[in-house]
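Shown next: data01.tsv, containing TSV, C-alpha atoms.
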chain	number	residue	atom	x	y	z
Y	1	MET	CA	4.08	2.59	33.89
Y	2	ASN	CA	6.79	5.21	34.32
Y	3	ALA	CA	8.08	7.93	32.02
Y	4	ALA	CA	11.50	9.19	30.96
Y	5	VAL	CA	12.64	11.64	28.31
Y	6	LEU	CA	15.06	11.15	25.42
Y	7	HIS	CA	16.15	13.73	22.85
Y	8	LEU	CA	16.52	13.55	19.06
Y	9	ASP	CA	18.59	16.55	18.02
Y	10	GLY	CA	16.57	19.37	19.62
Y	11	LEU	CA	13.34	17.39	19.85
Y	12	ARG	CA	12.06	16.20	23.22
Y	13	VAL	CA	10.79	12.60	23.19
Y	14	PRO	CA	8.87	11.36	26.26
Y	15	VAL	CA	9.18	7.60	26.78
Y	16	GLU	CA	6.25	5.58	28.10
Y	17	THR	CA	7.15	2.12	29.39
Y	18	GLY	CA	4.83	-0.79	29.97
Y	19	GLY	CA	3.02	-3.52	28.11
Y	20	ALA	CA	4.10	-6.95	26.96
Y	21	SER	CA	5.57	-6.12	23.55
Y	22	ARG	CA	9.30	-5.36	23.41
Y	23	LYS	CA	8.89	-3.65	20.03
Y	24	ALA	CA	9.32	0.11	20.45
Y	25	LYS	CA	6.78	2.37	18.79
Y	26	LEU	CA	7.36	6.02	17.89
Y	27	THR	CA	4.38	8.25	17.15
Y	28	ILE	CA	3.88	11.88	16.20
Y	29	GLU	CA	0.91	13.40	17.98
Y	30	ALA	CA	-1.59	15.81	16.42
Y	31	ASP	CA	0.31	18.79	17.85
Y	32	GLY	CA	3.61	17.62	16.33
Y	33	SER	CA	5.07	16.27	19.59
Y	34	LEU	CA	6.87	12.93	19.67
Y	35	ARG	CA	6.11	9.98	21.94
Y	36	LEU	CA	8.01	6.71	22.29
Y	37	ARG	CA	6.44	3.59	23.81
Y	38	ALA	CA	8.38	0.48	24.83
Y	39	ALA	CA	8.40	-2.39	27.32
Y	40	GLU	CA	10.04	-1.76	30.68
Y	41	ASP	CA	12.95	-4.13	30.02
Y	42	VAL	CA	14.16	-2.36	26.85
Y	43	ALA	CA	17.52	-0.74	27.61
Y	44	THR	CA	17.92	3.01	27.25
Y	45	ASP	CA	20.79	2.57	24.77
Y	46	GLU	CA	18.57	0.36	22.63
Y	47	LEU	CA	15.85	3.03	22.66
Y	48	LYS	CA	18.38	5.71	21.71
Y	49	GLN	CA	19.55	3.62	18.75
Y	50	PHE	CA	15.94	3.05	17.68
Y	51	LEU	CA	15.22	6.77	17.91
Y	52	THR	CA	18.32	7.65	15.86
Y	53	SER	CA	17.28	5.15	13.18
Y	54	LYS	CA	13.95	7.00	12.89
Y	55	ARG	CA	15.50	10.46	12.33
Y	56	GLU	CA	14.70	10.65	8.59
Y	57	TRP	CA	11.15	9.39	9.17
Y	58	VAL	CA	10.56	11.95	11.96
Y	59	TYR	CA	11.66	14.93	9.90
Y	60	ARG	CA	9.71	13.79	6.87
Y	61	LYS	CA	6.54	13.29	8.89
Y	62	LEU	CA	6.93	16.65	10.61
Y	63	ALA	CA	7.32	18.27	7.19
Y	64	GLU	CA	4.18	16.53	5.92
Y	65	LYS	CA	2.28	17.61	9.02
Y	66	GLU	CA	3.41	21.20	8.47
Y	67	VAL	CA	2.01	21.02	4.95
Y	68	LEU	CA	-1.31	19.71	6.19
Y	69	GLN	CA	-1.42	22.37	8.91
Y	70	HIS	CA	-0.68	25.13	6.39
Y	71	GLU	CA	-3.11	28.05	6.24
Y	72	PRO	CA	-6.30	26.28	5.20
Y	73	VAL	CA	-7.81	26.67	1.75
Y	74	THR	CA	-11.46	27.72	1.86
Y	75	LYS	CA	-14.06	27.53	-0.88
Y	76	GLU	CA	-17.15	29.57	-1.71
Y	77	LEU	CA	-20.24	27.60	-2.62
Y	78	VAL	CA	-21.05	29.81	-5.61
Y	79	ASP	CA	-21.26	29.21	-9.35
Y	80	GLY	CA	-17.80	29.10	-10.89
Y	81	GLU	CA	-15.82	28.06	-7.81
Y	82	GLY	CA	-13.21	25.48	-8.80
Y	83	PHE	CA	-12.94	22.04	-7.21
Y	84	LEU	CA	-10.14	19.64	-8.09
Y	85	TYR	CA	-10.78	15.99	-8.80
Y	86	LEU	CA	-7.90	13.72	-9.89
Y	87	GLY	CA	-5.82	16.75	-10.83
Y	88	ARG	CA	-8.43	18.51	-12.98
Y	89	SER	CA	-10.40	21.56	-11.93
Y	90	HIS	CA	-14.19	21.53	-12.31
Y	91	ARG	CA	-16.36	24.60	-11.93
Y	92	LEU	CA	-19.23	24.40	-9.48
Y	93	LYS	CA	-22.78	24.87	-10.76
Y	94	ILE	CA	-25.65	25.21	-8.30
Y	95	HIS	CA	-28.52	23.86	-10.35
Y	96	ASP	CA	-32.29	23.60	-9.91
Y	97	VAL	CA	-32.29	19.81	-10.02
Y	98	ASP	CA	-32.78	16.97	-7.56
Y	99	GLY	CA	-30.45	14.11	-6.71
Y	100	THR	CA	-26.86	14.09	-5.48
Y	101	VAL	CA	-23.68	15.98	-6.33
Y	102	ARG	CA	-22.31	14.80	-9.67
Y	103	LEU	CA	-20.09	15.67	-12.63
Y	104	GLU	CA	-21.89	16.61	-15.84
Y	105	ARG	CA	-19.98	17.75	-18.93
Y	106	GLY	CA	-17.04	18.86	-16.84
Y	107	ARG	CA	-19.17	20.84	-14.38
Y	108	LEU	CA	-19.61	19.85	-10.75
Y	109	ILE	CA	-23.36	19.99	-10.19
Y	110	LEU	CA	-24.63	20.84	-6.70
Y	111	PRO	CA	-28.44	20.48	-6.58
Y	112	ARG	CA	-29.93	23.63	-5.08
Y	113	PRO	CA	-31.89	21.69	-2.38
Y	114	LEU	CA	-28.49	20.51	-1.05
Y	115	ALA	CA	-26.77	23.90	-1.17
Y	116	GLU	CA	-27.31	24.81	2.48
Y	117	ALA	CA	-25.27	21.79	3.58
Y	118	GLY	CA	-23.24	21.86	0.39
Y	119	GLU	CA	-19.83	21.23	1.96
Y	120	ALA	CA	-20.92	17.92	3.49
Y	121	HIS	CA	-22.48	16.82	0.19
Y	122	LEU	CA	-19.35	17.71	-1.77
Y	123	ILE	CA	-17.17	15.73	0.65
Y	124	ALA	CA	-19.58	12.80	0.37
Y	125	TRP	CA	-19.18	13.03	-3.42
Y	126	TYR	CA	-15.40	12.81	-3.10
Y	127	GLN	CA	-15.83	9.76	-0.88
Y	128	ARG	CA	-18.31	8.04	-3.17
Y	129	CYS	CA	-16.41	8.67	-6.42
Y	130	GLY	CA	-13.05	8.12	-4.77
Y	131	GLU	CA	-13.92	4.65	-3.51
Y	132	ALA	CA	-15.19	3.61	-6.95
Y	133	TRP	CA	-12.01	4.92	-8.61
Y	134	LEU	CA	-9.63	3.47	-6.03
Y	135	ARG	CA	-10.89	-0.10	-5.85
Y	136	PRO	CA	-9.58	-1.34	-9.24
Y	137	ARG	CA	-6.32	0.60	-8.68
Y	138	ALA	CA	-5.96	-1.04	-5.28
Y	139	THR	CA	-6.39	-4.47	-6.85
Y	140	SER	CA	-3.64	-3.75	-9.37
Y	141	TRP	CA	-1.17	-2.36	-6.80
Y	142	ALA	CA	-1.98	-5.15	-4.34
Y	143	GLU	CA	-1.07	-7.78	-6.94
Y	144	ARG	CA	2.28	-6.09	-7.58
Y	145	LEU	CA	2.98	-5.74	-3.85
Y	146	ARG	CA	1.70	-9.28	-3.16
Y	147	VAL	CA	-0.69	-8.19	-0.44
Y	148	GLU	CA	-4.35	-8.93	0.15
Y	149	PRO	CA	-6.15	-5.82	1.43
Y	150	GLY	CA	-9.56	-5.86	3.02
Y	151	ALA	CA	-11.87	-2.90	2.57
Y	152	ILE	CA	-10.73	0.17	0.62
Y	153	GLU	CA	-12.36	3.26	2.11
Y	154	VAL	CA	-12.27	7.02	1.63
Y	155	ALA	CA	-12.72	9.03	4.82
Y	156	ASP	CA	-11.64	12.13	6.72
Y	157	LEU	CA	-8.33	11.14	8.30
Y	158	GLY	CA	-7.43	14.49	9.83
Y	159	HIS	CA	-3.70	15.08	9.25
Y	160	LYS	CA	-2.98	11.77	7.51
Y	161	TRP	CA	-3.10	11.06	3.78
Y	162	GLY	CA	-3.89	7.41	4.37
Y	163	SER	CA	-3.79	4.55	6.86
Y	164	ALA	CA	-3.56	0.77	6.92
Y	165	THR	CA	-5.00	-1.06	9.91
Y	166	ALA	CA	-4.23	-4.42	11.46
Y	167	GLY	CA	-7.50	-5.65	9.96
Y	168	ARG	CA	-6.02	-5.02	6.47
Y	169	ARG	CA	-8.40	-2.11	5.92
Y	170	VAL	CA	-6.85	0.66	3.80
Y	171	ARG	CA	-8.24	4.16	4.18
Y	172	ILE	CA	-7.44	7.20	2.03
Y	173	HIS	CA	-8.22	10.81	2.97
Y	174	TRP	CA	-10.97	12.19	0.71
Y	175	ALA	CA	-8.84	15.32	0.07
Y	176	THR	CA	-6.23	13.10	-1.58
Y	177	LEU	CA	-8.64	12.62	-4.49
Y	178	GLN	CA	-7.94	16.20	-5.58
Y	179	LEU	CA	-4.39	15.17	-6.55
Y	180	SER	CA	-3.28	13.83	-9.92
Y	181	PRO	CA	-3.68	10.07	-10.39
Y	182	SER	CA	0.08	9.48	-10.06
Y	183	LEU	CA	0.11	11.07	-6.59
Y	184	VAL	CA	-3.06	9.27	-5.47
Y	185	ASP	CA	-1.37	6.07	-6.62
Y	186	TYR	CA	1.64	6.92	-4.43
Y	187	VAL	CA	-0.57	7.31	-1.34
Y	188	LEU	CA	-2.47	4.13	-2.17
Y	189	ALA	CA	0.62	2.02	-2.89
Y	190	HIS	CA	2.32	3.42	0.23
Y	191	GLU	CA	-0.54	2.28	2.45
Y	192	LEU	CA	-0.85	-1.10	0.73
Y	193	ALA	CA	2.89	-1.66	1.25
Y	194	HIS	CA	2.27	-1.26	4.98
Y	195	LEU	CA	0.28	-4.48	4.90
Y	196	ARG	CA	3.66	-6.22	4.45
Y	197	GLU	CA	5.97	-3.76	6.19
Y	198	ALA	CA	4.31	-2.00	9.12
Y	199	HIS	CA	7.07	0.54	9.73
Y	200	HIS	CA	9.14	2.92	7.60
Y	201	GLY	CA	12.36	0.93	7.77
Y	202	PRO	CA	14.66	0.16	4.80
Y	203	SER	CA	12.64	-2.95	3.89
Y	204	PHE	CA	9.50	-0.82	3.49
Y	205	TRP	CA	11.13	1.62	1.06
Y	206	GLN	CA	12.80	-1.25	-0.83
Y	207	LEU	CA	9.41	-2.90	-1.29
Y	208	LEU	CA	7.82	0.33	-2.52
Y	209	ALA	CA	10.76	1.06	-4.84
Y	210	ARG	CA	10.35	-2.33	-6.54
Y	211	VAL	CA	6.83	-1.49	-7.69
Y	212	MET	CA	7.23	2.32	-7.95
Y	213	PRO	CA	10.84	3.26	-8.78
Y	214	ASP	CA	10.05	6.99	-8.76
Y	215	TYR	CA	8.30	6.93	-5.38
Y	216	ASP	CA	10.70	9.51	-3.90
Y	217	GLU	CA	9.87	12.03	-6.63
Y	218	ARG	CA	6.15	11.46	-6.08
Y	219	LYS	CA	6.62	11.82	-2.31
Y	220	ARG	CA	8.27	15.23	-2.76
Y	221	GLU	CA	5.55	16.34	-5.18
Y	222	LEU	CA	2.88	15.30	-2.69
Y	223	ALA	CA	4.51	17.47	-0.02
Y	224	LYS	CA	4.44	20.46	-2.41
Y	225	ARG	CA	0.90	19.97	-3.71
Y	226	GLY	CA	-0.64	19.14	-0.36
Y	227	ALA	CA	-0.59	22.72	0.90
Y	228	GLY	CA	-2.91	23.84	-1.89
Y	229	LEU	CA	-5.65	21.27	-1.36
Y	230	TRP	CA	-9.06	21.87	0.13
Y	231	PHE	CA	-9.65	19.96	3.36
Y	232	GLY	CA	-13.11	21.38	3.97
Y	233	GLY	CA	-14.18	24.83	5.04
Y	234	THR	CA	-16.30	27.37	3.20
Y	235	SER	CA	-16.64	31.12	3.34
Turn this file's structure into structure tokens for me.
Amino acid sequence: MNAAVLHLDGLRVPVETGGASRKAKLTIEADGSLRLRAAEDVATDELKQFLTSKREWVYRKLAEKEVLQHEPVTKELVDGEGFLYLGRSHRLKIHDVDGTVRLERGRLILPRPLAEAGEAHLIAWYQRCGEAWLRPRATSWAERLRVEPGAIEVADLGHKWGSATAGRRVRIHWATLQLSPSLVDYVLAHELAHLREAHHGPSFWQLLARVMPDYDERKRELAKRGAGLWFGGTS
């Protein structure tokens, strides 16, 4: 394997060559740097054209990453602290009861025995409730997109709203469940669409537009709302 460097506008893009697949793959690393991988016999001009075709995707992803790396929102585990779920704010109540975190009459109940590790229990609640809420939605969107997903999971995905794996598993970041249903639907439909179109080329956006004509508006709203979400962290 050898390495070269290409440039997209002012962005430096190291190129790693090797492997059997001729299909080039562009990734954005956790620190925002770009990396391009391709087989050794792919011509430099072909790689440059591929990189240019990805310009819009690169800038959009860097903007999304900037949102997710915005100054983090922290929460206090005290009575009255607000926690969003599906776009609605619920006040926390630390209560002298047993059991798990749950919603009761609009209040988010944190049993006092769980308070010391309250953050982990609240995140587990988002995962548990989120998976139950997402599964029927996933079935509906999958039918419209004509895809057959495997497991639908809610997890901590770091700086990604969602992911779709080669094994047809769709994963959604638990923090996404704080958004309004229309924006959660955008993330869900976006990942399900990747089961048919793995990359962000024109065919991907055409597929998404057929089932969600206002996807671009939802995408912009997600970028705005994302900075105000809680991704864990208490004070």
Have a look at atom CA of Leu103 of chain Y and atom CA of Leu122 of chain Y and let me know their distance in Å, one decimal.
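Between these atoms lies a distance of 11.1 Å.
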Can you build me a table of segment 117-166 of chain Y residues sitting at most 7 Å from segment 184-190 of chain Y, with the closest atom pair per residue and its distance in Å to one decimal, using all atoms listed in the file, sorted by chain and residue number, as CSV?
residue,atom,partner,partner_atom,distance
Y:Ala138,CA,Y:Leu188,CA,7.0
Y:Trp141,CA,Y:Ala189,CA,6.1
Y:Trp161,CA,Y:Val187,CA,6.8
Y:Gly162,CA,Y:Val187,CA,6.6
For each of Y:Leu192, Y:Leu177, Y:Leu207, Y:Met212, take the minimum atom-to-atom distance to Gly87 of chain Y, counting only C-alpha atoms, then give the residue where this is smallest.
Y:Leu177
Just give me the gap between atom CA of Ala39 of chain Y and atom CA of Pro14 of chain Y in Å, one decimal is fine.
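Going from atom CA of Ala39 of chain Y over to atom CA of Pro14 of chain Y covers 13.8 Å.
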Using only C-alpha atoms, pick whichever of Y:Ala223, Y:Ala4, Y:Val147, Y:Ala155 has the shortest atom-to-atom distance to Cys129 of chain Y.
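Comparing Y:Ala223, Y:Ala4, Y:Val147, Y:Ala155 against Cys129 of chain Y, the winner is Y:Ala155.
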In terms of the shortest atom-to-atom distance over all atoms listed in the file, which of Y:Arg137, Y:Arg225, Y:Arg35, Y:Lys23 is closest to Leu8 of chain Y?
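Nearest candidate to Leu8 of chain Y out of Y:Arg137, Y:Arg225, Y:Arg35, Y:Lys23: Y:Arg35.
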Taking (-2.3, 12.1, -10.1) in the coordinates of the supplied file, I want to know which residues reach to within 10 Å of it, counting all atoms listed in the file; could you give the answer as a list in words?
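Output: Tyr85, Leu86, Gly87, Arg88, Thr176, Leu177, Gln178, Leu179, Ser180, Pro181, Ser182, Leu183, Val184, Asp185, Tyr186, Arg218 and Leu222 of chain Y.
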Quote the spacing between atom CA of Pro72 of chain Y and atom CA of Ile152 of chain Y in Å to one decimal place.
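Separating atom CA of Pro72 of chain Y from atom CA of Ile152 of chain Y is a distance of 26.9 Å.
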Find the residue from Y:His95, Y:Leu6, Y:Ala132, Y:Gly232 that sits nearest to Glu46 of chain Y; use all atoms listed in the file when measuring.
Y:Leu6
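Distance annotation: of Y:Arg112, Y:Arg107, Y:Arg102, Y:His173, the residue with the minimal separation from Leu134 of chain Y is Y:His173; atom set is all atoms listed in the file.
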Just the residues within 10 Å of Lys93 of chain Y, please, counting all atoms listed in the file, with nothing from its chain fewer than 6 positions along; format it as a compact mmCIF listing (two decimals) with C-alpha atoms, in the frame of the given file.
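Printed below is result_11.txt as written:
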# COMPACT_ATOMS: atom_id res chain seq x y z
CA LEU Y 77 -20.24 27.60 -2.62
CA VAL Y 78 -21.05 29.81 -5.61
CA ASP Y 79 -21.26 29.21 -9.35
CA GLY Y 80 -17.80 29.10 -10.89
CA GLU Y 81 -15.82 28.06 -7.81
CA GLY Y 82 -13.21 25.48 -8.80
CA VAL Y 101 -23.68 15.98 -6.33
CA LEU Y 103 -20.09 15.67 -12.63
CA GLU Y 104 -21.89 16.61 -15.84
CA ARG Y 107 -19.17 20.84 -14.38
CA LEU Y 108 -19.61 19.85 -10.75
CA ILE Y 109 -23.36 19.99 -10.19
CA LEU Y 110 -24.63 20.84 -6.70
CA PRO Y 111 -28.44 20.48 -6.58
CA ARG Y 112 -29.93 23.63 -5.08
